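Q: Supplied structure: structure32.cif, mmCIF, C-alpha atoms.
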data_structure
#
loop_
_atom_site.label_atom_id
_atom_site.label_comp_id
_atom_site.auth_asym_id
_atom_site.auth_seq_id
_atom_site.Cartn_x
_atom_site.Cartn_y
_atom_site.Cartn_z
CA MET A 1 14.89 -30.85 -9.05
CA SER A 2 15.42 -33.46 -6.33
CA ARG A 3 12.61 -35.47 -4.73
CA ARG A 4 13.40 -33.75 -1.44
CA THR A 5 12.26 -30.41 -2.89
CA ARG A 6 9.47 -31.83 -5.08
CA GLY A 7 7.86 -33.89 -2.32
CA PHE A 8 5.20 -36.40 -3.38
CA VAL A 9 2.67 -34.22 -5.19
CA PRO A 10 0.77 -36.10 -7.96
CA PRO A 11 1.96 -35.01 -11.42
CA VAL A 12 -1.62 -34.25 -12.50
CA VAL A 13 -1.63 -31.30 -10.07
CA ALA A 14 0.63 -29.51 -12.56
CA VAL A 15 -2.34 -29.02 -14.92
CA PRO A 16 -4.46 -26.71 -12.71
CA ALA A 17 -1.24 -25.14 -11.42
CA LEU A 18 -0.22 -24.15 -14.95
CA LEU A 19 -3.74 -22.89 -15.68
CA GLY A 20 -3.61 -20.73 -12.57
CA LEU A 21 -0.21 -19.39 -13.56
CA ALA A 22 -1.49 -18.64 -17.06
CA LEU A 23 -4.47 -16.76 -15.58
CA LEU A 24 -2.03 -14.52 -13.74
CA VAL A 25 0.59 -14.07 -16.46
CA LEU A 26 -1.36 -13.93 -19.74
CA PRO A 27 -3.38 -10.76 -18.95
CA LEU A 28 -0.15 -8.96 -18.11
CA ALA A 29 1.42 -10.24 -21.32
CA ALA A 30 -1.61 -8.99 -23.25
CA LEU A 31 -1.19 -5.57 -21.65
CA ILE A 32 2.49 -5.42 -22.63
CA ALA A 33 1.59 -6.50 -26.17
CA ARG A 34 -0.73 -3.50 -26.52
CA VAL A 35 1.93 -0.97 -25.60
CA GLN A 36 2.79 1.36 -28.47
CA TRP A 37 6.55 1.32 -27.97
CA ASP A 38 7.27 3.93 -30.63
CA THR A 39 5.13 6.51 -28.80
CA LEU A 40 5.64 5.25 -25.26
CA TRP A 41 7.74 8.19 -24.09
CA GLN A 42 5.39 10.71 -25.67
CA ASP A 43 2.39 9.00 -24.04
CA ILE A 44 4.00 9.02 -20.59
CA THR A 45 5.11 12.65 -20.91
CA ALA A 46 1.79 13.95 -22.25
CA PRO A 47 0.45 16.83 -20.09
CA ALA A 48 -2.55 14.89 -18.77
CA SER A 49 -0.32 11.90 -18.09
CA LEU A 50 2.24 13.98 -16.23
CA ASP A 51 -0.51 15.58 -14.15
CA ALA A 52 -1.83 12.17 -13.11
CA LEU A 53 1.67 10.79 -12.55
CA GLY A 54 2.79 13.79 -10.49
CA LEU A 55 -0.36 13.74 -8.39
CA SER A 56 -0.02 10.00 -7.76
CA LEU A 57 3.60 10.33 -6.67
CA ALA A 58 2.95 13.38 -4.48
CA THR A 59 -0.11 11.94 -2.74
CA GLY A 60 1.49 8.49 -2.51
CA LEU A 61 4.54 9.92 -0.75
CA ALA A 62 2.36 12.02 1.56
CA ALA A 63 0.17 9.02 2.40
CA THR A 64 3.24 6.87 3.06
CA ALA A 65 4.64 9.51 5.42
CA VAL A 66 1.34 9.61 7.32
CA CYS A 67 1.25 5.82 7.47
CA LEU A 68 4.80 5.78 8.80
CA VAL A 69 3.98 8.26 11.57
CA LEU A 70 0.78 6.47 12.57
CA GLY A 71 1.57 2.89 11.60
CA VAL A 72 4.82 2.25 13.45
CA PRO A 73 3.36 3.24 16.87
CA LEU A 74 0.26 1.16 16.11
CA ALA A 75 2.41 -1.83 15.14
CA LEU A 76 4.40 -1.44 18.37
CA PHE A 77 1.19 -1.24 20.39
CA ILE A 78 -0.25 -4.39 18.78
CA ALA A 79 2.99 -6.37 19.04
CA ARG A 80 3.46 -5.57 22.72
CA ALA A 81 -0.19 -5.97 23.75
CA GLY A 82 -1.48 -9.15 25.34
CA PRO A 83 -2.59 -12.05 23.14
CA ARG A 84 -6.29 -11.21 23.39
CA TRP A 85 -5.95 -7.51 22.61
CA SER A 86 -3.35 -8.03 19.92
CA GLY A 87 -5.67 -10.46 18.13
CA VAL A 88 -8.57 -8.00 18.24
CA LEU A 89 -6.44 -5.07 17.09
CA ARG A 90 -4.87 -7.12 14.32
CA ALA A 91 -8.33 -8.08 13.07
CA VAL A 92 -9.43 -4.44 13.08
CA VAL A 93 -6.35 -3.36 11.13
CA THR A 94 -6.95 -6.14 8.60
CA VAL A 95 -10.51 -5.00 7.79
CA PRO A 96 -9.49 -2.46 5.08
CA LEU A 97 -7.59 -5.24 3.31
CA VAL A 98 -10.73 -7.34 2.82
CA LEU A 99 -13.22 -4.47 2.58
CA PRO A 100 -14.30 -3.53 -0.97
CA PRO A 101 -12.55 -0.23 -1.77
CA MET A 102 -15.86 1.40 -2.75
CA VAL A 103 -17.22 0.66 0.72
CA GLY A 104 -14.16 2.33 2.22
CA GLY A 105 -14.86 5.42 0.11
CA VAL A 106 -18.48 5.53 1.26
CA ALA A 107 -17.38 5.15 4.88
CA LEU A 108 -14.91 8.03 4.56
CA LEU A 109 -17.55 10.16 2.89
CA PHE A 110 -20.05 9.49 5.69
CA LEU A 111 -17.42 10.40 8.30
CA LEU A 112 -15.71 13.39 6.68
CA GLY A 113 -18.40 14.67 4.33
CA ARG A 114 -20.42 17.75 5.17
CA SER A 115 -23.20 15.61 6.64
CA GLY A 116 -20.76 13.44 8.62
CA PRO A 117 -19.90 14.14 12.27
CA VAL A 118 -16.27 15.07 11.69
CA GLY A 119 -16.88 16.77 8.36
CA ARG A 120 -19.70 18.89 9.75
CA PHE A 121 -17.52 19.94 12.68
CA LEU A 122 -14.64 20.95 10.40
CA ASP A 123 -16.95 22.85 8.08
CA ASP A 124 -18.82 24.69 10.85
CA THR A 125 -15.71 25.51 12.90
CA TRP A 126 -13.04 26.31 10.33
CA GLY A 127 -14.85 26.19 6.98
CA VAL A 128 -12.74 23.23 5.90
CA THR A 129 -14.20 20.80 3.36
CA ILE A 130 -12.26 17.60 2.73
CA PRO A 131 -14.16 15.51 0.13
CA PHE A 132 -13.20 16.00 -3.52
CA THR A 133 -9.89 17.64 -2.68
CA THR A 134 -6.29 16.48 -2.89
CA THR A 135 -6.36 15.97 0.87
CA ALA A 136 -9.18 13.48 0.34
CA VAL A 137 -6.92 11.52 -2.02
CA VAL A 138 -4.25 11.26 0.67
CA ILE A 139 -6.77 10.19 3.33
CA ALA A 140 -8.23 7.52 1.05
CA GLN A 141 -4.74 6.22 0.28
CA VAL A 142 -3.85 6.13 3.98
CA PHE A 143 -7.03 4.19 4.74
CA VAL A 144 -6.21 1.41 2.29
CA ALA A 145 -2.40 1.39 2.64
CA LEU A 146 -1.94 1.67 6.41
CA PRO A 147 -2.67 -2.04 7.10
CA PHE A 148 0.22 -3.11 4.85
CA LEU A 149 2.73 -1.19 6.92
CA VAL A 150 1.20 -2.04 10.30
CA LEU A 151 0.93 -5.79 9.71
CA THR A 152 4.40 -6.05 8.16
CA VAL A 153 6.11 -4.15 10.98
CA GLU A 154 4.03 -5.89 13.66
CA GLY A 155 5.03 -9.29 12.30
CA SER A 156 8.69 -8.28 12.41
CA LEU A 157 8.33 -7.02 15.98
CA ARG A 158 6.77 -10.28 17.13
CA SER A 159 9.49 -12.30 15.40
CA VAL A 160 12.37 -10.48 17.15
CA GLY A 161 10.70 -10.67 20.56
CA VAL A 162 11.71 -8.59 23.56
CA ASP A 163 14.92 -10.30 24.74
CA TYR A 164 17.21 -7.63 23.30
CA GLU A 165 15.02 -4.89 24.73
CA ARG A 166 15.23 -6.48 28.18
CA ALA A 167 18.99 -6.77 27.89
CA ALA A 168 19.27 -3.09 26.97
CA ALA A 169 16.98 -2.11 29.85
CA SER A 170 19.09 -4.14 32.28
CA LEU A 171 22.11 -2.12 31.15
CA GLY A 172 20.35 1.14 31.98
CA ALA A 173 18.97 2.20 28.60
CA GLY A 174 15.79 4.28 28.66
CA ARG A 175 12.62 3.52 26.71
CA TRP A 176 13.33 5.96 23.87
CA ARG A 177 16.93 4.80 23.56
CA ILE A 178 15.79 1.18 23.41
CA LEU A 179 13.22 2.03 20.73
CA LEU A 180 15.62 4.01 18.55
CA ARG A 181 18.82 2.01 19.06
CA VAL A 182 17.52 -1.54 19.56
CA THR A 183 13.93 -2.17 18.46
CA LEU A 184 13.74 -0.22 15.20
CA PRO A 185 17.14 -1.38 13.88
CA LEU A 186 16.12 -4.99 14.54
CA VAL A 187 12.94 -4.62 12.48
CA ARG A 188 14.50 -2.48 9.74
CA PRO A 189 13.94 -5.04 6.94
CA GLY A 190 10.28 -5.36 7.89
CA LEU A 191 9.96 -1.59 8.21
CA VAL A 192 11.44 -1.01 4.76
CA ALA A 193 9.22 -3.72 3.27
CA GLY A 194 6.16 -2.19 4.93
CA VAL A 195 6.97 1.30 3.66
CA VAL A 196 7.50 0.07 0.10
CA LEU A 197 4.31 -1.99 0.10
CA CYS A 198 2.44 0.94 1.60
CA PHE A 199 3.63 3.30 -1.14
CA ALA A 200 2.79 0.81 -3.89
CA ARG A 201 -0.71 0.31 -2.52
CA ALA A 202 -1.21 4.06 -2.18
CA ILE A 203 -0.36 4.94 -5.77
CA GLY A 204 -2.50 2.04 -7.02
CA GLU A 205 -5.59 3.01 -5.02
CA PHE A 206 -8.75 3.53 -7.06
CA GLY A 207 -12.10 2.70 -5.47
CA ALA A 208 -12.02 4.70 -2.24
CA THR A 209 -10.39 7.62 -4.05
CA ALA A 210 -13.05 7.70 -6.77
CA LEU A 211 -15.91 7.92 -4.29
CA PHE A 212 -14.35 10.12 -1.63
CA ALA A 213 -12.11 12.39 -3.71
CA GLY A 214 -13.66 12.35 -7.16
CA ASN A 215 -11.89 12.43 -10.51
CA ALA A 216 -10.91 16.05 -11.20
CA PRO A 217 -7.85 16.33 -13.49
CA GLY A 218 -4.92 17.95 -11.74
CA VAL A 219 -6.70 17.86 -8.38
CA THR A 220 -7.79 14.30 -7.58
CA GLN A 221 -7.20 12.33 -10.80
CA THR A 222 -4.42 9.88 -9.98
CA MET A 223 -2.98 7.37 -12.43
CA PRO A 224 -5.59 4.63 -11.79
CA LEU A 225 -8.39 7.15 -12.25
CA ALA A 226 -6.80 8.51 -15.43
CA ILE A 227 -6.58 4.97 -16.81
CA TYR A 228 -10.22 4.26 -15.93
CA THR A 229 -11.36 7.55 -17.47
CA ALA A 230 -9.47 6.87 -20.71
CA PHE A 231 -11.14 3.53 -21.23
CA ASN A 232 -14.52 5.19 -20.71
CA GLY A 233 -13.93 7.53 -23.62
CA SER A 234 -12.66 10.72 -21.98
CA GLY A 235 -9.56 12.19 -20.39
CA VAL A 236 -6.21 10.89 -21.61
CA GLY A 237 -6.00 8.77 -24.74
CA GLN A 238 -5.99 5.00 -24.59
CA GLY A 239 -2.36 4.93 -25.69
CA THR A 240 -1.50 7.06 -22.68
CA ALA A 241 -3.68 4.85 -20.47
CA VAL A 242 -1.82 1.75 -21.62
CA ALA A 243 1.50 3.51 -21.00
CA LEU A 244 0.41 4.46 -17.48
CA SER A 245 -0.76 0.88 -16.90
CA LEU A 246 2.67 -0.36 -17.93
CA LEU A 247 4.24 2.17 -15.57
CA LEU A 248 2.13 0.87 -12.67
CA LEU A 249 3.05 -2.70 -13.60
CA VAL A 250 6.76 -1.86 -13.60
CA THR A 251 6.30 -0.14 -10.24
CA ALA A 252 4.60 -3.21 -8.79
CA ILE A 253 7.37 -5.53 -10.02
CA SER A 254 10.03 -3.19 -8.66
CA VAL A 255 8.26 -3.16 -5.30
CA LEU A 256 8.23 -6.95 -5.16
CA LEU A 257 11.93 -7.12 -6.01
CA LEU A 258 12.79 -4.51 -3.40
CA VAL A 259 10.75 -6.26 -0.71
CA ARG A 260 12.36 -9.58 -1.60
CA GLY A 261 15.81 -8.00 -1.37
CA TRP A 262 15.14 -6.62 2.11
CA ARG A 263 13.61 -9.82 3.46
CA PRO A 264 15.89 -11.47 6.03
CA GLY A 265 17.65 -14.47 4.51
CA ALA A 266 16.53 -13.66 0.99
CA PRO A 267 18.97 -14.70 -1.74
CA ARG A 268 20.83 -11.74 -3.19
#
Could I get this structure in the form of structure tokens?
A:
Amino acid sequence: MSRRTRGFVPPVVAVPALLGLALLVLPLAALIARVQWDTLWQDITAPASLDALGLSLATGLAATAVCLVLGVPLALFIARAGPRWSGVLRAVVTVPLVLPPMVGGVALLFLLGRSGPVGRFLDDTWGVTIPFTTTAVVIAQVFVALPFLVLTVEGSLRSVGVDYERAAASLGAGRWRILLRVTLPLVRPGLVAGVVLCFARAIGEFGATALFAGNAPGVTQTMPLAIYTAFNGSGVGQGTAVALSLLLLVTAISVLLLVRGWRPGAPR
């Protein structure tokens, strides 16, 4: 490694850097070491495991679709707003990223529960109850995953600017044509990265789902909840829980590789 790339960092900095790296890598290595490879396939395909896996995938895809429908317009609105409003909106969208997931679940319960304003209206008008249903899982996942898509797409929109849009408008293109033929193709890498990150966050959601949707097998018990339940002595076995944990780890690594591959200028 040349001095140009190393810079002039003191060599002693490598000690805490290696300790930090070990703190991130060693727990994952310990998890992989506990995998029972001879029964891995049986653990993943166990009925309870398949129920949790299928529910996670189904709700994760549904939540990602909702985030795509809501998040792209929101990202466009933030990117094209004035500096003051865009800063405020960006801060609001960021809140679920720093908010403890349990607090998000409580907030959703207070809004959509039977005693909440929206929940009471839905129950009194149509007899619809959202908490502790599969719909609640999707809503909780949207709440925590939407910022990933919005902020990623909004950053891409700001980076490409509006010059190409102005050029298209000067040639007579309408607003919808500019959006579909100019703006969205320009931010496609950011859009793909946002969708992938959104899906990964959705299937890994735990805290808000546990409080707002509960932990009913086959109804609201996603993979993270199945893993948590197993290590508390019920539900799927610990071998299955470790297998599901490995599956989530592989998913996370795949997401990072996919996002890196779609990043503009990333080495292939």
Q: Once 3 Å is added on each side, what centre and edge lengths in Å to one decimal does the axis-aligned box around all listed atoms of stretch 136-152 of chain A have, as JSON?
A:
{"center_x": -2.4, "center_y": 3.7, "center_z": 4.1, "size_x": 19.6, "size_y": 25.5, "size_z": 18.3}
Q: Please evaluate the PyMOL selection byres ((chain A and resi 104) around 12) against the structure above and give the resulting residues as number ranges by chain.
A: A: 95-103, 105-111, 139-145, 205-213
Q: Could you pull the residues within 8 Å of A:Ile130, counting only C-alpha atoms, minus those fewer than 6 positions along the same chain, as a ChimeraX atom specification?
A: /A:112-113,119,136
Q: Taking 4 positions as the minimum chain separation for residues in the same chain, which residues sit within 9 Å of A:Ala241 when counting all atoms listed in the file? Answer as a VMD selection string.
A: chain A and resid 43 to 44 49 223 to 224 226 to 231 236 to 237 245 to 246
Q: Take atom CA of A:Arg80 and atom CA of A:Val138 and report the distance between them in Å, one decimal.
A: 28.8 Å
Q: Can you work out the spacing between atom CA of A:Leu53 and atom CA of A:Ala252 in Å, to one decimal?
A: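 Computing the Euclidean distance for atom CA of A:Leu53 and atom CA of A:Ala252 yields 14.8 Å.
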Q: Residues at most 10 Å from stretch 170-183 of chain A, counting only C-alpha atoms, excluding those fewer than 5 positions away in the same chain, as a PyMOL selection string?
A: chain A and resi 76+157+160-162+164-165+188
Q: Expand the PyMOL selection byres ((chain A and resi 147) around 12) into the individual residues it matches in the shown file, reporting them as a PyMOL selection string.
A: chain A and resi 64+67-68+70-72+74-75+89-99+141-146+148-155+194-195+197-199+201-202
Q: Between atom CA of A:Val66 and atom CA of A:Val128, what distance in Å does the model show, to one decimal?
A: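 These atoms are spaced 19.6 Å apart.
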Q: Skip A:Ile253 itself and residues of its chain fewer than 4 positions away, then list as a list in words all residues within 12 Å of it, counting only C-alpha atoms.
A: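 The residues satisfying every condition are Leu28, Val196, Leu197, Ala200, Leu246, Leu247, Leu248, Leu249, Leu257, Leu258, Val259 and Arg260 of chain A.
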